[in-house]
Amino acid sequence: MKRTLIYVVAAFCTVTTAAQENNYTAIQEIKGTINHIKVLSKMNVMVESGTENSVSISRTGGKNDIKSPICKVNGTTLELNNTSEEIQNVNVMITLAEPVHIKSVYTAENSNLMINPKGEELICDNLQINAKPNSNIKLQGEWIVMNTFDITAEENSNIMIEILDGESASKVNIVAEKGANILVKRGELGEMTKVYADIANSSGVKIPGKEFKTVEKSTYYYDMKEDVGVDTVITTTTVENTSKDADKKSDKSEKPVHYPNVKSVKLGWNLSYLSGSNNPKSLKDIFNTGNTDLSLAGGTRWGFTFIIPINFSQHFSLNTGIGMEFNWFSFEKKVSAYRNTSNGTYALAILNTAGIYSDLQEYQANLYANYFTVPLVFQWQSGKKIAINLGIIGGLKYFSSFKTCFEAEDVEINAKFSDYNNINPLKADAVLGFTYSDFGINFRYALTPLFKSGREEIVYPFSVGICWGI
């Protein structure tokens, strides 16, 4: 492979030497803007930038007896064709006025083309390169591809690009037939660029930062993002297909890796129905009120989280970050708060509906608790959209209150206890979620009691809800 590339360089040097040893005769003038170059017959062509468009033609080792036109301008396409087959070793020197905008390059069999823009950058919205069998193309300078990039090297052809800036390229198509070589000395493609590669047996493709494999046994090239020369960059690695039906595969494209979360930070939210609680009985007969069952009947939980994903592999990641959560609980029975005047603490208990409480209408008791939250949720993703989340969401309480609302003798009464502080300051919830394209459902169960130990009954809330992001 290295020997083949040396021959390619030698072919380009031959073109340069011929330009120096022969007296070129300017026989044609190029008018208009040139965006496409087609070499349609065997010849050596060099293109460089200058102050005006011109073309000069000569022969190597023979009489300069070229009489028929070599160059033809068709719109913005410059076509070079030697119709006299008996005239061999034709060298063409083309100068294009700056700025140069090349969009496509084509070389016929056994031809050589070198484009040297003298150090200027060539910005291309779309760039197409097509080298027919046994032809050679060398692009010097820095080529900046913005959108699509199509490069085809047919059998035993060689394409060499000195610097390729493909950070903004959206799609790259690479075809390398048997014995062909595509070499990019410096530069890279963007991480999110879609690359489709069809690389035949015994061909080589090297673009820094990308690795290309074929279905069959093949040689490919791969290197880190470094500025290194041709002699030191090339290392060969043999890749063998392990699939038994490799010859039946039609799609040989090498697509970029997509991780579960491509953004460094994203926003997630959730809305849940607090469907109930698991509460082993304790602290019975608080204030001698009888049954003190503080089972939760329902409520809502919603919150948002700034998520920072940590990717471990293509399918596995850890979602963490920081967020806020707002909870509203209701109770199955009529619950009220009682204040201990001796120490100022509260306790919740079931109302004794006899006596003064017998005529209460539309009684409601609500408990509110807000938290700062930190998720530690592992995500496993299958394909591009379906994911399973499993982990823990920790919380630090920053606000809690208890409120009752009822009617007594047609009078609406509201009582709010903003200093109610019997809720645990720290909590942890186990979470299991299923998402599709970031939208999904999750189930949460409290691993820590809702209330402080020794203050209220032991209550473990659980909920089901919808979510986005986590």
# chains A, B, ... in the order shown; residues from 1 in each chain; ligands from 1

$ residues_around --residues "A:Lys333" --least-positions-apart "4" --cutoff "10 Å" --atoms "only C-alpha atoms" --output "PyMOL selection string"
chain A and resi 291-297+349-351+363-365

$ write_last_selection --atoms "N, CA and C atoms" --output "PDB file, in the first residue's frame"
ATOM      1  N   ASN A 291     -58.691   5.736  65.653  1.00  0.00           N
ATOM      2  CA  ASN A 291     -57.917   5.248  64.507  1.00  0.00           C
ATOM      3  C   ASN A 291     -57.050   6.363  63.946  1.00  0.00           C
ATOM      4  N   THR A 292     -55.766   6.122  63.838  1.00  0.00           N
ATOM      5  CA  THR A 292     -54.844   7.153  63.339  1.00  0.00           C
ATOM      6  C   THR A 292     -54.239   6.759  62.002  1.00  0.00           C
ATOM      7  N   ASP A 293     -55.000   6.068  61.163  1.00  0.00           N
ATOM      8  CA  ASP A 293     -54.525   5.617  59.861  1.00  0.00           C
ATOM      9  C   ASP A 293     -54.352   6.822  58.935  1.00  0.00           C
ATOM     10  N   LEU A 294     -53.100   7.161  58.567  1.00  0.00           N
ATOM     11  CA  LEU A 294     -52.817   8.330  57.724  1.00  0.00           C
ATOM     12  C   LEU A 294     -52.531   7.918  56.278  1.00  0.00           C
ATOM     13  N   SER A 295     -53.239   6.911  55.806  1.00  0.00           N
ATOM     14  CA  SER A 295     -53.013   6.456  54.426  1.00  0.00           C
ATOM     15  C   SER A 295     -53.308   7.574  53.437  1.00  0.00           C
ATOM     16  N   LEU A 296     -52.461   7.659  52.414  1.00  0.00           N
ATOM     17  CA  LEU A 296     -52.644   8.685  51.391  1.00  0.00           C
ATOM     18  C   LEU A 296     -53.662   8.219  50.360  1.00  0.00           C
ATOM     19  N   ALA A 297     -54.521   9.131  49.951  1.00  0.00           N
ATOM     20  CA  ALA A 297     -55.553   8.802  48.974  1.00  0.00           C
ATOM     21  C   ALA A 297     -55.144   9.189  47.566  1.00  0.00           C
ATOM     22  N   ALA A 349     -53.771  13.560  63.145  1.00  0.00           N
ATOM     23  CA  ALA A 349     -54.633  12.509  63.680  1.00  0.00           C
ATOM     24  C   ALA A 349     -55.975  12.557  62.978  1.00  0.00           C
ATOM     25  N   ILE A 350     -56.716  11.438  63.063  1.00  0.00           N
ATOM     26  CA  ILE A 350     -58.031  11.340  62.468  1.00  0.00           C
ATOM     27  C   ILE A 350     -59.039  12.064  63.361  1.00  0.00           C
ATOM     28  N   LEU A 351     -59.920  12.866  62.736  1.00  0.00           N
ATOM     29  CA  LEU A 351     -60.937  13.581  63.503  1.00  0.00           C
ATOM     30  C   LEU A 351     -61.938  12.606  64.112  1.00  0.00           C
ATOM     31  N   TYR A 363     -65.006  18.343  53.761  1.00  0.00           N
ATOM     32  CA  TYR A 363     -63.735  18.438  54.492  1.00  0.00           C
ATOM     33  C   TYR A 363     -62.569  18.010  53.593  1.00  0.00           C
ATOM     34  N   GLN A 364     -61.518  18.810  53.571  1.00  0.00           N
ATOM     35  CA  GLN A 364     -60.302  18.502  52.809  1.00  0.00           C
ATOM     36  C   GLN A 364     -59.075  18.750  53.686  1.00  0.00           C
ATOM     37  N   ALA A 365     -58.142  17.826  53.591  1.00  0.00           N
ATOM     38  CA  ALA A 365     -56.864  17.986  54.299  1.00  0.00           C
ATOM     39  C   ALA A 365     -55.742  17.721  53.306  1.00  0.00           C
TER      40      ALA A 365
END

$ residues_around --residues "stretch 113-120 of chain A" --least-positions-apart "5" --cutoff "10 Å" --atoms "only C-alpha atoms" --output "ChimeraX atom specification"
/A:11-13,15-16,37-39,43-50,92-96,98-100,102,105-108,131,135-143,159-161

$ write_last_selection --atoms "C-alpha atoms" --output "tab-separated table (two decimals), in the first residue's frame"
chain	number	residue	atom	x	y	z
A	11	ALA	CA	2.94	10.64	-10.92
A	12	PHE	CA	2.08	14.05	-9.53
A	13	CYS	CA	5.76	15.00	-9.50
A	15	VAL	CA	3.20	16.55	-13.94
A	16	THR	CA	5.08	19.25	-12.04
A	37	ILE	CA	-13.50	20.14	-13.91
A	38	LYS	CA	-13.74	17.04	-16.11
A	39	VAL	CA	-10.68	15.31	-17.53
A	43	MET	CA	-3.46	13.52	-19.86
A	44	ASN	CA	-1.69	15.27	-17.01
A	45	VAL	CA	-3.55	18.32	-15.70
A	46	MET	CA	-2.49	20.91	-13.14
A	47	VAL	CA	-4.89	23.59	-11.88
A	48	GLU	CA	-3.77	26.56	-9.81
A	49	SER	CA	-5.19	29.93	-8.78
A	50	GLY	CA	-4.11	33.22	-10.29
A	92	VAL	CA	-2.21	20.90	-19.41
A	93	MET	CA	-1.61	23.89	-17.12
A	94	ILE	CA	-4.80	25.75	-16.08
A	95	THR	CA	-4.97	28.99	-14.14
A	96	LEU	CA	-8.29	30.06	-12.59
A	98	GLU	CA	-9.37	33.86	-7.59
A	99	PRO	CA	-11.50	33.13	-5.71
A	100	VAL	CA	-11.66	29.52	-6.90
A	102	ILE	CA	-14.64	23.96	-7.27
A	105	VAL	CA	-13.80	16.87	-10.08
A	106	TYR	CA	-13.77	14.01	-12.61
A	107	THR	CA	-10.82	12.15	-14.13
A	108	ALA	CA	-10.90	9.61	-16.96
A	131	ALA	CA	-11.64	9.02	-10.15
A	135	SER	CA	-6.38	7.69	-12.49
A	136	ASN	CA	-4.88	9.95	-9.82
A	137	ILE	CA	-6.32	13.05	-8.12
A	138	LYS	CA	-4.47	15.26	-5.68
A	139	LEU	CA	-6.12	18.23	-3.96
A	140	GLN	CA	-3.74	20.59	-2.21
A	141	GLY	CA	-4.69	23.40	0.16
A	142	GLU	CA	-7.58	23.28	2.63
A	143	TRP	CA	-10.95	22.06	1.36
A	159	ILE	CA	-7.32	10.21	-4.38
A	160	MET	CA	-5.24	12.32	-2.02
A	161	ILE	CA	-6.50	15.38	-0.12

$ residues_around --residues "A:Pro425" --least-positions-apart "2" --cutoff "12 Å" --atoms "only C-alpha atoms" --output "ChimeraX atom specification"
/A:369-373,394-400,421-423,427-428,448-453

$ atom_distance --atom1 "atom CA of A:Pro133" --atom2 "atom CA of A:Asn110"
6.9 Å

$ residues_around --residues "A:Phe378" --least-positions-apart "4" --cutoff "9 Å" --atoms "only C-alpha atoms" --output "list in words"
Phe316, Ser317, Leu318, Asn319, Thr320, Ile388, Asn389, Leu390, Gly391 and Ile392 of chain A

$ closest_residue --among "A:Pro309, A:Pro208, A:Pro461, A:Gly454" --to "A:Asn327" --atoms "only C-alpha atoms"
A:Pro461

$ closest_residue --among "A:Lys416, A:Lys385, A:Lys403, A:His315" --to "A:Phe434" --atoms "only C-alpha atoms"
A:Lys385

$ select_by_dssp --residues "stretch 104-139 of chain A" --states "strand (DSSP E or B)" --output "count of residues only"
24

$ closest_residue --among "A:Ser111, A:Thr300, A:Asn134, A:Gln379" --to "A:Asp438" --atoms "only C-alpha atoms"
A:Gln379

$ atom_distance --atom1 "atom CA of A:Gly303" --atom2 "atom CA of A:Ser275"
16.8 Å

$ atom_distance --atom1 "atom CA of A:Lys31" --atom2 "atom CA of A:Ser84"
24.1 Å

$ residues_around --residues "A:Val184" --least-positions-apart "6" --cutoff "7 Å" --atoms "only C-alpha atoms" --output "JSON, numbers by chain"
{"A": [160, 161, 162, 163, 164, 206, 207]}

$ residues_around --residues "A:Val175" --least-positions-apart "3" --cutoff "6 Å" --atoms "only C-alpha atoms" --output "JSON, numbers by chain"
{"A": [152, 198, 199]}
